[in-house]
$ cat my_file.cif   # mmCIF, C-alpha atoms
data_input
loop_
_atom_site.label_atom_id
_atom_site.label_comp_id
_atom_site.auth_asym_id
_atom_site.auth_seq_id
_atom_site.Cartn_x
_atom_site.Cartn_y
_atom_site.Cartn_z
CA MET A 1 -4.26 38.56 6.88
CA LEU A 2 -5.82 38.13 10.32
CA ALA A 3 -9.30 38.53 8.81
CA LEU A 4 -8.54 35.73 6.34
CA GLU A 5 -7.41 33.42 9.13
CA LYS A 6 -10.61 34.09 11.09
CA PHE A 7 -12.73 33.51 7.97
CA MET A 8 -11.00 30.20 7.19
CA PHE A 9 -11.15 28.90 10.75
CA LEU A 10 -14.79 27.73 10.62
CA PRO A 11 -14.55 25.52 7.49
CA VAL A 12 -11.20 24.11 8.67
CA PHE A 13 -12.78 23.49 12.08
CA ILE A 14 -15.62 21.56 10.40
CA LEU A 15 -13.13 19.56 8.32
CA PHE A 16 -11.28 18.66 11.48
CA ILE A 17 -14.48 17.56 13.27
CA ASN A 18 -15.19 15.25 10.36
CA LEU A 19 -11.64 13.86 10.47
CA PHE A 20 -11.87 13.41 14.24
CA VAL A 21 -15.22 11.57 14.30
CA SER A 22 -14.68 9.46 11.18
CA GLY A 23 -11.15 8.70 12.38
CA LEU A 24 -12.41 7.36 15.70
CA ILE A 25 -14.96 5.18 13.88
CA ILE A 26 -12.20 3.84 11.63
CA ASN A 27 -9.96 3.18 14.65
CA VAL A 28 -12.71 1.10 16.27
CA ILE A 29 -13.19 -0.94 13.07
CA GLN A 30 -9.41 -1.40 12.82
CA LEU A 31 -9.30 -2.67 16.39
CA LEU A 32 -12.03 -5.23 15.66
CA LEU A 33 -10.22 -6.40 12.52
CA TRP A 34 -6.94 -6.59 14.44
CA MET A 35 -8.51 -8.86 17.06
CA CYS A 36 -10.84 -10.95 14.86
CA VAL A 37 -9.36 -11.10 11.36
CA ARG A 38 -5.59 -10.61 11.58
CA PRO A 39 -4.85 -13.74 13.69
CA GLY A 40 -6.52 -15.98 11.10
CA SER A 41 -5.65 -14.16 7.87
CA PRO A 42 -3.01 -11.39 7.84
CA TRP A 43 -3.57 -11.05 4.08
CA LEU A 44 -7.30 -10.34 4.48
CA TYR A 45 -6.57 -7.96 7.35
CA GLN A 46 -4.13 -6.00 5.18
CA LYS A 47 -6.66 -5.84 2.33
CA LEU A 48 -9.51 -4.56 4.52
CA ASN A 49 -7.27 -2.20 6.47
CA TYR A 50 -5.99 -0.75 3.18
CA TYR A 51 -9.43 0.72 2.44
CA LEU A 52 -9.88 2.00 5.99
CA LEU A 53 -6.52 3.74 5.86
CA TYR A 54 -7.35 5.19 2.46
CA VAL A 55 -10.58 6.71 3.76
CA LEU A 56 -8.63 8.32 6.61
CA TRP A 57 -5.46 9.43 4.81
CA THR A 58 -7.34 10.79 1.81
CA GLN A 59 -9.05 13.33 4.09
CA ILE A 60 -5.61 14.72 4.87
CA VAL A 61 -4.52 14.61 1.23
CA PHE A 62 -7.75 16.50 0.45
CA ILE A 63 -6.30 19.48 2.33
CA GLY A 64 -3.30 19.51 0.03
CA GLU A 65 -4.81 18.59 -3.32
CA TRP A 66 -8.25 20.20 -3.17
CA TRP A 67 -8.51 22.63 -0.27
CA SER A 68 -5.26 24.46 -1.04
CA SER A 69 -4.81 23.25 -4.67
CA SER A 70 -1.20 22.41 -3.85
CA THR A 71 0.80 20.32 -6.31
CA CYS A 72 3.89 18.13 -6.38
CA ALA A 73 5.28 17.30 -9.82
CA VAL A 74 7.67 14.35 -10.16
CA LEU A 75 10.73 14.89 -12.34
CA THR A 76 11.99 11.54 -13.58
CA ASP A 77 12.40 9.42 -16.68
CA ASP A 78 9.45 7.73 -18.37
CA ASP A 79 10.57 4.22 -17.40
CA THR A 80 10.68 5.06 -13.69
CA TRP A 81 7.32 6.85 -13.89
CA SER A 82 5.75 3.73 -15.44
CA LYS A 83 7.02 1.57 -12.53
CA MET A 84 5.91 3.88 -9.73
CA GLY A 85 3.07 2.22 -7.82
CA LYS A 86 3.75 -1.20 -9.32
CA GLU A 87 6.68 -2.35 -7.19
CA HIS A 88 7.97 -2.36 -3.63
CA ALA A 89 10.41 0.47 -2.98
CA ILE A 90 12.37 2.24 -0.24
CA VAL A 91 11.88 5.98 -0.67
CA ILE A 92 14.79 8.07 0.66
CA MET A 93 13.68 11.69 0.92
CA ASN A 94 15.19 14.85 2.37
CA HIS A 95 13.40 16.40 5.36
CA SER A 96 13.63 20.18 5.15
CA PHE A 97 10.08 21.49 5.69
CA GLU A 98 7.09 20.59 7.82
CA VAL A 99 4.91 19.45 4.90
CA ASP A 100 7.46 17.12 3.31
CA TRP A 101 5.41 14.15 4.52
CA LEU A 102 2.18 15.56 3.03
CA MET A 103 3.87 16.13 -0.34
CA GLY A 104 5.11 12.54 -0.12
CA TRP A 105 1.53 11.39 0.49
CA MET A 106 0.33 13.39 -2.50
CA VAL A 107 2.87 11.58 -4.69
CA CYS A 108 1.71 8.29 -3.15
CA GLU A 109 -1.85 9.19 -4.11
CA GLN A 110 -0.74 9.92 -7.66
CA SER A 111 0.91 6.47 -7.70
CA ARG A 112 -2.18 4.78 -6.18
CA LEU A 113 -0.22 3.77 -3.08
CA LEU A 114 -1.49 6.17 -0.43
CA ALA A 115 -2.77 3.47 1.93
CA SER A 116 0.24 1.23 1.23
CA SER A 117 2.85 3.79 2.31
CA LYS A 118 4.77 2.90 5.47
CA VAL A 119 6.89 5.17 7.63
CA PHE A 120 9.41 5.23 10.46
CA ILE A 121 7.98 7.42 13.20
CA LYS A 122 8.53 8.40 16.83
CA LYS A 123 6.99 6.01 19.34
CA SER A 124 5.40 8.94 21.21
CA ILE A 125 2.99 9.43 18.29
CA LYS A 126 1.80 5.82 18.59
CA TRP A 127 -0.83 6.67 21.20
CA ILE A 128 -2.20 9.84 19.62
CA PRO A 129 -5.88 9.16 18.78
CA ILE A 130 -6.81 8.73 15.12
CA ILE A 131 -3.47 9.36 13.38
CA GLY A 132 -1.24 7.45 15.81
CA TRP A 133 -3.73 4.63 16.31
CA ALA A 134 -4.25 4.29 12.54
CA TRP A 135 -0.49 4.08 12.00
CA GLN A 136 -0.31 1.44 14.72
CA PHE A 137 -2.98 -0.70 13.05
CA GLY A 138 -1.37 0.09 9.68
CA GLU A 139 1.88 -1.54 10.85
CA ALA A 140 4.05 1.57 10.75
CA VAL A 141 7.49 1.24 12.36
CA PHE A 142 7.59 3.10 15.69
CA LEU A 143 11.03 3.98 17.05
CA GLU A 144 12.20 5.02 20.53
CA ARG A 145 15.49 6.58 19.35
CA ASN A 146 17.28 3.99 21.44
CA TRP A 147 19.27 1.89 19.00
CA GLU A 148 19.42 -1.25 21.14
CA LYS A 149 15.62 -1.33 21.26
CA ASP A 150 14.98 0.08 17.80
CA LYS A 151 17.10 -2.46 15.94
CA VAL A 152 14.94 -5.28 17.34
CA ILE A 153 11.71 -3.48 16.41
CA MET A 154 12.98 -2.61 12.93
CA GLY A 155 14.30 -6.10 12.30
CA LYS A 156 10.88 -7.63 12.94
CA GLN A 157 8.59 -5.07 11.30
CA VAL A 158 10.72 -4.14 8.28
CA LYS A 159 11.18 -7.81 7.40
CA ASN A 160 7.40 -8.28 7.41
CA LEU A 161 6.96 -5.61 4.72
CA GLY A 162 8.52 -7.94 2.17
CA ASP A 163 5.59 -10.34 2.70
CA TYR A 164 2.99 -7.83 1.47
CA ALA A 165 1.31 -9.07 -1.72
CA ASP A 166 0.59 -5.54 -2.96
CA PRO A 167 3.28 -2.90 -3.61
CA VAL A 168 4.52 -1.02 -0.54
CA TRP A 169 6.59 2.15 -0.26
CA LEU A 170 8.69 2.57 2.88
CA LEU A 171 9.47 6.24 3.42
CA LEU A 172 12.80 6.91 5.10
CA PHE A 173 13.95 10.37 6.21
CA ALA A 174 17.56 9.30 6.74
CA GLU A 175 18.44 12.54 8.54
CA GLY A 176 16.15 11.40 11.34
CA THR A 177 14.72 14.89 11.92
CA ARG A 178 13.79 18.12 10.14
CA PHE A 179 16.32 20.73 9.08
CA THR A 180 16.85 23.80 11.29
CA PRO A 181 19.88 26.12 11.49
CA ALA A 182 20.79 24.74 14.94
CA LYS A 183 20.61 21.15 13.73
CA HIS A 184 22.58 22.03 10.62
CA ALA A 185 25.32 23.61 12.76
CA ALA A 186 25.52 20.37 14.79
CA SER A 187 25.67 18.37 11.56
CA VAL A 188 28.51 20.51 10.18
CA GLU A 189 30.42 20.21 13.46
CA PHE A 190 30.02 16.43 13.45
CA ALA A 191 31.13 16.21 9.81
CA LYS A 192 34.31 18.17 10.50
CA LYS A 193 35.17 16.05 13.56
CA SER A 194 34.55 12.87 11.59
CA GLY A 195 36.48 13.87 8.49
CA LEU A 196 33.32 14.03 6.37
CA GLN A 197 32.36 16.75 3.92
CA PRO A 198 29.56 18.91 5.41
CA LEU A 199 26.31 19.40 3.54
CA GLN A 200 25.12 22.86 2.64
CA HIS A 201 21.34 22.43 2.55
CA LEU A 202 20.79 19.14 4.41
CA LEU A 203 21.77 17.28 7.57
CA LEU A 204 24.14 14.34 7.37
CA PRO A 205 22.13 11.10 7.23
CA ARG A 206 22.12 8.55 10.01
CA THR A 207 23.29 5.22 8.66
CA LYS A 208 22.28 2.54 11.18
CA GLY A 209 18.58 2.48 10.32
CA PHE A 210 19.33 2.59 6.61
CA LEU A 211 21.80 -0.30 6.82
CA LEU A 212 19.37 -2.48 8.77
CA THR A 213 16.51 -1.67 6.40
CA VAL A 214 18.57 -2.58 3.34
CA GLU A 215 19.81 -5.75 5.01
CA TYR A 216 16.28 -7.05 5.61
CA LEU A 217 14.76 -5.91 2.33
CA ARG A 218 17.58 -6.87 -0.04
CA GLY A 219 16.19 -9.37 -2.53
CA ARG A 220 12.62 -8.53 -1.48
CA PHE A 221 12.37 -4.88 -2.54
CA PRO A 222 13.72 -4.27 -6.05
CA ALA A 223 14.49 -0.56 -5.84
CA ILE A 224 15.35 2.55 -3.89
CA TYR A 225 13.69 5.79 -4.98
CA CYS A 226 16.07 8.66 -4.33
CA ALA A 227 13.61 11.55 -3.91
CA THR A 228 14.87 15.12 -3.62
CA LEU A 229 12.06 17.52 -2.72
CA ALA A 230 12.19 21.29 -3.28
CA PHE A 231 9.56 24.02 -3.17
CA ASN A 232 8.82 26.86 -5.57
CA CYS A 233 8.27 29.68 -3.10
CA LYS A 234 8.24 32.35 -5.83
CA GLU A 235 4.98 31.13 -7.32
CA GLY A 236 3.63 29.27 -4.31
CA ALA A 237 3.25 29.87 -0.58
CA THR A 238 5.81 29.00 2.08
CA PRO A 239 5.51 25.22 2.66
CA THR A 240 3.73 25.10 6.02
CA LEU A 241 0.64 23.18 7.10
CA LYS A 242 -0.88 26.43 8.34
CA ASN A 243 -0.69 27.93 4.84
CA MET A 244 -2.32 24.84 3.38
CA LEU A 245 -5.13 24.97 5.94
CA LEU A 246 -5.66 28.62 4.99
CA GLY A 247 -6.09 27.54 1.37
CA ARG A 248 -2.75 28.86 0.11
CA ARG A 249 -1.20 26.87 -2.71
CA VAL A 250 2.14 25.19 -2.06
CA ILE A 251 4.14 24.07 -5.10
CA GLY A 252 6.53 21.17 -4.71
CA GLU A 253 8.86 19.53 -7.20
CA MET A 254 10.41 16.13 -6.60
CA LEU A 255 13.44 14.87 -8.50
CA LEU A 256 13.15 11.09 -8.34
CA GLU A 257 15.82 8.59 -9.41
CA ARG A 258 15.18 4.85 -9.35
CA ILE A 259 18.22 2.91 -8.12
CA PRO A 260 18.26 -0.91 -8.02
CA LEU A 261 18.59 -2.02 -4.41
CA GLU A 262 21.30 -4.46 -5.48
CA ASP A 263 23.50 -1.45 -6.34
CA VAL A 264 23.85 -0.65 -2.64
CA PRO A 265 27.04 -2.36 -1.41
CA GLU A 266 26.58 -5.24 1.05
CA ASN A 267 29.59 -4.18 3.10
CA PRO A 268 28.32 -1.87 5.91
CA GLN A 269 31.17 0.65 5.54
CA GLU A 270 30.69 0.83 1.78
CA ALA A 271 26.90 1.09 2.17
CA SER A 272 27.35 3.96 4.64
CA LYS A 273 29.61 5.69 2.16
CA TRP A 274 26.97 5.12 -0.53
CA LEU A 275 24.34 6.83 1.62
CA TYR A 276 26.60 9.81 2.33
CA GLU A 277 27.32 10.18 -1.39
CA ASN A 278 23.60 9.97 -2.09
CA TYR A 279 22.96 12.88 0.27
CA HIS A 280 25.79 14.90 -1.25
CA HIS A 281 24.06 14.34 -4.58
CA LYS A 282 20.78 15.60 -3.09
CA ASP A 283 22.62 18.60 -1.68
CA ARG A 284 24.00 19.50 -5.10
CA MET A 285 20.56 19.14 -6.67
CA LEU A 286 19.01 21.43 -4.04
CA ASP A 287 21.80 23.95 -4.51
CA ALA A 288 21.12 24.03 -8.25
CA TYR A 289 17.39 24.39 -7.62
CA LYS A 290 17.87 27.29 -5.22
CA LYS A 291 20.19 29.08 -7.68
CA GLU A 292 18.44 28.30 -10.97
CA GLY A 293 14.85 27.72 -9.87
CA ALA A 294 14.89 24.23 -11.43
CA PHE A 295 16.60 20.87 -11.10
CA PRO A 296 19.37 20.03 -13.61
CA SER A 297 18.59 17.86 -16.64
CA ALA A 298 19.94 14.30 -16.99
CA ASP A 299 22.66 15.58 -19.34
CA CYS A 300 24.24 17.47 -16.43
CA PHE A 301 24.78 14.23 -14.49
CA GLY A 302 27.21 12.71 -16.97
CA LYS A 303 27.32 8.91 -16.60
CA ASN A 304 26.85 9.00 -12.84
CA HIS A 305 23.08 8.44 -12.73
CA HIS A 306 20.42 5.75 -13.16
CA PHE A 307 17.95 7.64 -15.34
CA GLN A 308 16.80 5.56 -18.32
CA GLY A 309 16.15 8.56 -20.53
CA PRO A 310 15.41 12.28 -20.47
CA ILE A 311 14.01 13.76 -17.24
CA ARG A 312 10.50 15.09 -17.71
CA SER A 313 7.94 16.58 -15.35
CA HIS A 314 5.24 14.00 -14.62
CA PHE A 315 1.96 14.70 -12.90
CA ARG A 316 -1.29 12.76 -12.78
CA PRO A 317 -4.48 14.83 -12.41
CA ARG A 318 -5.93 14.72 -8.92
CA ARG A 319 -8.62 12.10 -8.47
CA LEU A 320 -12.17 12.75 -7.30
CA TRP A 321 -11.96 10.12 -4.57
CA PRO A 322 -10.77 12.56 -1.86
CA VAL A 323 -13.75 14.82 -2.59
CA ILE A 324 -16.21 11.91 -2.67
CA ILE A 325 -14.87 10.47 0.57
CA MET A 326 -14.89 13.88 2.24
CA LEU A 327 -18.53 14.46 1.25
CA ALA A 328 -19.59 10.94 2.24
CA THR A 329 -17.92 11.00 5.64
CA SER A 330 -19.21 14.53 6.31
CA TYR A 331 -22.74 13.38 5.51
CA ILE A 332 -22.37 10.61 8.10
CA THR A 333 -20.53 12.45 10.86
CA LEU A 334 -21.47 16.13 10.77
CA PRO A 335 -25.32 16.11 11.12
CA PRO A 336 -25.38 14.19 14.43
CA VAL A 337 -22.39 16.12 15.82
CA LEU A 338 -23.79 19.54 14.88
CA TYR A 339 -27.25 18.58 16.12
CA ALA A 340 -25.80 17.44 19.45
CA LEU A 341 -23.90 20.73 19.82
CA TYR A 342 -27.04 22.70 18.92
CA ALA A 343 -29.08 20.75 21.49
CA LEU A 344 -26.47 21.42 24.17
CA PHE A 345 -26.35 25.15 23.41
CA CYS A 346 -30.13 25.32 23.65
CA SER A 347 -30.20 23.59 27.03
CA GLY A 348 -29.23 24.73 30.50
CA ILE A 349 -26.04 26.51 31.50
CA VAL A 350 -24.29 23.22 32.38
CA ASN A 351 -24.91 21.81 28.90
CA VAL A 352 -23.79 25.08 27.32
CA LEU A 353 -20.54 24.85 29.25
CA ILE A 354 -20.12 21.25 28.06
CA ALA A 355 -20.69 22.33 24.44
CA VAL A 356 -18.19 25.19 24.75
CA SER A 357 -15.66 22.82 26.31
CA LEU A 358 -16.06 20.35 23.44
CA VAL A 359 -15.61 23.11 20.85
CA LEU A 360 -12.52 24.42 22.64
CA ALA A 361 -11.13 20.89 22.91
CA VAL A 362 -11.46 20.32 19.16
CA GLY A 363 -9.94 23.75 18.49
CA TYR A 364 -7.03 22.96 20.79
CA ALA A 365 -6.52 19.59 19.08
CA LEU A 366 -6.39 21.38 15.71
CA TYR A 367 -3.84 23.83 17.13
CA LYS A 368 -1.69 20.96 18.44
CA LEU A 369 -1.86 19.24 15.06
CA VAL A 370 -0.42 22.34 13.39
CA ALA A 371 2.15 22.81 16.16
CA LEU A 372 3.23 19.17 15.83
CA THR A 373 4.39 19.78 12.25
CA ARG A 374 6.40 22.95 12.92
CA VAL A 375 10.13 22.70 12.35
CA SER A 376 10.82 24.38 15.68
CA LYS A 377 8.99 21.53 17.41
CA GLY A 378 11.26 18.83 16.02
CA SER A 379 13.62 16.60 17.92
CA SER A 380 16.34 17.76 20.27
CA TYR A 381 18.96 17.24 17.57
CA GLY A 382 21.27 20.23 17.70
CA ARG A 383 20.72 20.86 21.40
CA SER A 384 22.91 17.93 22.49
CA SER A 385 26.11 16.26 21.38
CA PRO A 386 26.08 15.46 17.66
CA GLU A 387 28.01 12.27 18.33
CA LYS A 388 25.07 10.99 20.32
CA LYS A 389 22.56 11.95 17.72
CA MET A 390 24.13 10.71 14.54
CA SER A 391 25.34 7.35 13.38
#
$ encode --input "my_file.cif" --output "structure tokens"
Amino acid sequence: MLALEKFMFLPVFILFINLFVSGLIINVIQLLLWMCVRPGSPWLYQKLNYYLLYVLWTQIVFIGEWWSSSTCAVLTDDDTWSKMGKEHAIVIMNHSFEVDWLMGWMVCEQSRLLASSKVFIKKSIKWIPIIGWAWQFGEAVFLERNWEKDKVIMGKQVKNLGDYADPVWLLLFAEGTRFTPAKHAASVEFAKKSGLQPLQHLLLPRTKGFLLTVEYLRGRFPAIYCATLAFNCKEGATPTLKNMLLGRRVIGEMLLERIPLEDVPENPQEASKWLYENYHHKDRMLDAYKKEGAFPSADCFGKNHHFQGPIRSHFRPRRLWPVIIMLATSYITLPPVLYALYALFCSGIVNVLIAVSLVLAVGYALYKLVALTRVSKGSSYGRSSPEKKMS
């Protein structure tokens, strides 16, 4: 196992150098477009930035789709599958593992919406080079986890999403953080104190952000996609970014139900109840998956569902664009970088030390990227009062 990790480190290291250098170039171009194009034509800025974001995000999707040959099938009805990628939608997804977001991106790529996906994300990530800067220029919604400040930020940025000419998916992890046993214990405690039914496999959702999002997008976004993500760990590897970087295949399955946004009650209390019921539904689906190894069919839902026909497994073959972009960007970035490192190593001791420092810095950045996704590095939810952490 250790030998495999050492063997895989070099190609992953090279992939990361390419992502780092090409990402910085893209960030610079985004900055110029932000200053020169966006003030005069937001539409043109969004169009140009779409392709820049696609070049960057597809390098990350490459790790999932091609490097590790991971998959994420979508279980839904044919009518919903035909609409995916052709309409604005709020995507409500459970957050149980560290690669949930990457599986979501892989589904976005299947739906041709990778660069049009928007997220709610911690403000601290805003200033991380490449990824954070790209999200900032891509008009992601950065939150401080201070409701008085966040509701102003959300009100402005979420409302703007309805003005996009091309379809946009807004990904919402309503739990607000990843699942851990400690966080789940806090969620159960809060549920009991509040007279709510605890969830078995998920955390109770936070309602404030959801209510505000629905308020601003009602009439502008036609649908909510209720996405329940589970992983087949019998046939695939444990869903971690480290396993993907080591080339191990992760197998995801997403049960996706399209719900008209108008079906969400306008009354805040009723809408909160709707969200809780939605998460109880997800919890039951995950429980069935863990016991049976598969999600239930539409017949098991009775009349309480929005499927327009039988549930089938849908999956579009991976496109060649991630490979083409990876090869093209590597051709541009790697020769000068590797030549510069070679020149430094062949020079005096000072230059050798500089080269070693640069290599260690990139290696450390790669380590921090993996560490950033680990469940144990999530928010402080579960280590403080649940009443303060949940809506």
$ residues_near_point --input "my_file.cif" --point "(-3.3, -0.8, 1.1)" --cutoff "12 Å" --atoms "only C-alpha atoms" --output "MDAnalysis selection string"
chainID A and resid 43:57 85 108:109 112:118 137:139 161 164:169
$ closest_residue --input "my_file.cif" --among "A:Thr213, A:Thr180, A:Asn351, A:Thr240" --to "Gln157 in chain A" --atoms "only C-alpha atoms"
A:Thr213
$ atom_distance --input "my_file.cif" --atom1 "CA of Val28 in chain A" --atom2 "CA of Ile131 in chain A"
12.7 Å
$ residues_around --input "my_file.cif" --residues "Phe295 in chain A" --least-positions-apart "2" --cutoff "12 Å" --atoms "all atoms listed in the file" --output "ChimeraX atom specification"
/A:73-76,228-232,252-256,281-293,297-301,311-313
$ resolve_selection --input "my_file.cif" --expression "the PyMOL selection byres ((chain A and resi 103) around 8)" --output "ChimeraX atom specification"
/A:64,71-72,99-102,104-107,252
$ atom_distance --input "my_file.cif" --atom1 "CA of Ile251 in chain A" --atom2 "CA of Tyr276 in chain A"
27.6 Å
$ residues_around --input "my_file.cif" --residues "Gly219 in chain A" --least-positions-apart "4" --cutoff "10 Å" --atoms "only C-alpha atoms" --output "list in words"
Gly162, Val214, Glu215, Ala223, Leu261 and Glu262 of chain A
$ atom_distance --input "my_file.cif" --atom1 "CA of Ala174 in chain A" --atom2 "CA of Glu235 in chain A"
28.9 Å
$ residues_around --input "my_file.cif" --residues "Cys346 in chain A" --least-positions-apart "6" --cutoff "10 Å" --atoms "only C-alpha atoms" --output "MDAnalysis selection string"
chainID A and resid 340 352 355
$ axis_aligned_box --input "my_file.cif" --around "range 266-283 of chain A" --padding-each-side "3 Å" --output "lines of an AutoDock Vina configuration file"
center_x = 26.0
center_y = 6.7
center_z = 0.7
size_x = 16.4
size_y = 29.8
size_z = 16.5
$ closest_residue --input "my_file.cif" --among "A:Ile14, A:Leu211, A:Ala182, A:Leu334" --to "Met154 in chain A" --atoms "all atoms listed in the file"
A:Leu211
$ resolve_selection --input "my_file.cif" --expression "the PyMOL selection byres ((chain A and resi 146) around 12)" --output "ChimeraX atom specification"
/A:122-123,142-145,147-154,208-209,388-391
$ write_last_selection --input "my_file.cif" --atoms "C-alpha atoms" --output "PDB file, in the coordinates of the input"
ATOM      1  CA  LYS A 122       8.530   8.400  16.830  1.00  0.00           C
ATOM      2  CA  LYS A 123       6.990   6.010  19.340  1.00  0.00           C
ATOM      3  CA  PHE A 142       7.590   3.100  15.690  1.00  0.00           C
ATOM      4  CA  LEU A 143      11.030   3.980  17.050  1.00  0.00           C
ATOM      5  CA  GLU A 144      12.200   5.020  20.530  1.00  0.00           C
ATOM      6  CA  ARG A 145      15.490   6.580  19.350  1.00  0.00           C
ATOM      7  CA  TRP A 147      19.270   1.890  19.000  1.00  0.00           C
ATOM      8  CA  GLU A 148      19.420  -1.250  21.140  1.00  0.00           C
ATOM      9  CA  LYS A 149      15.620  -1.330  21.260  1.00  0.00           C
ATOM     10  CA  ASP A 150      14.980   0.080  17.800  1.00  0.00           C
ATOM     11  CA  LYS A 151      17.100  -2.460  15.940  1.00  0.00           C
ATOM     12  CA  VAL A 152      14.940  -5.280  17.340  1.00  0.00           C
ATOM     13  CA  ILE A 153      11.710  -3.480  16.410  1.00  0.00           C
ATOM     14  CA  MET A 154      12.980  -2.610  12.930  1.00  0.00           C
ATOM     15  CA  LYS A 208      22.280   2.540  11.180  1.00  0.00           C
ATOM     16  CA  GLY A 209      18.580   2.480  10.320  1.00  0.00           C
ATOM     17  CA  LYS A 388      25.070  10.990  20.320  1.00  0.00           C
ATOM     18  CA  LYS A 389      22.560  11.950  17.720  1.00  0.00           C
ATOM     19  CA  MET A 390      24.130  10.710  14.540  1.00  0.00           C
ATOM     20  CA  SER A 391      25.340   7.350  13.380  1.00  0.00           C
TER      21      SER A 391
END
$ resolve_selection --input "my_file.cif" --expression "the PyMOL selection byres ((chain A and resi 278) around 12)" --output "ChimeraX atom specification"
/A:92-94,174,199,202,204-205,207,224-228,257,259,264,271-277,279-285,304-305
$ closest_residue --input "my_file.cif" --among "A:Lys83, A:Arg220, A:Arg249, A:His95" --to "Val158 in chain A" --atoms "only C-alpha atoms"
A:Arg220
$ closest_residue --input "my_file.cif" --among "A:Ile63, A:Leu172, A:Ile128, A:Leu241" --to "Asn27 in chain A" --atoms "all atoms listed in the file"
A:Ile128
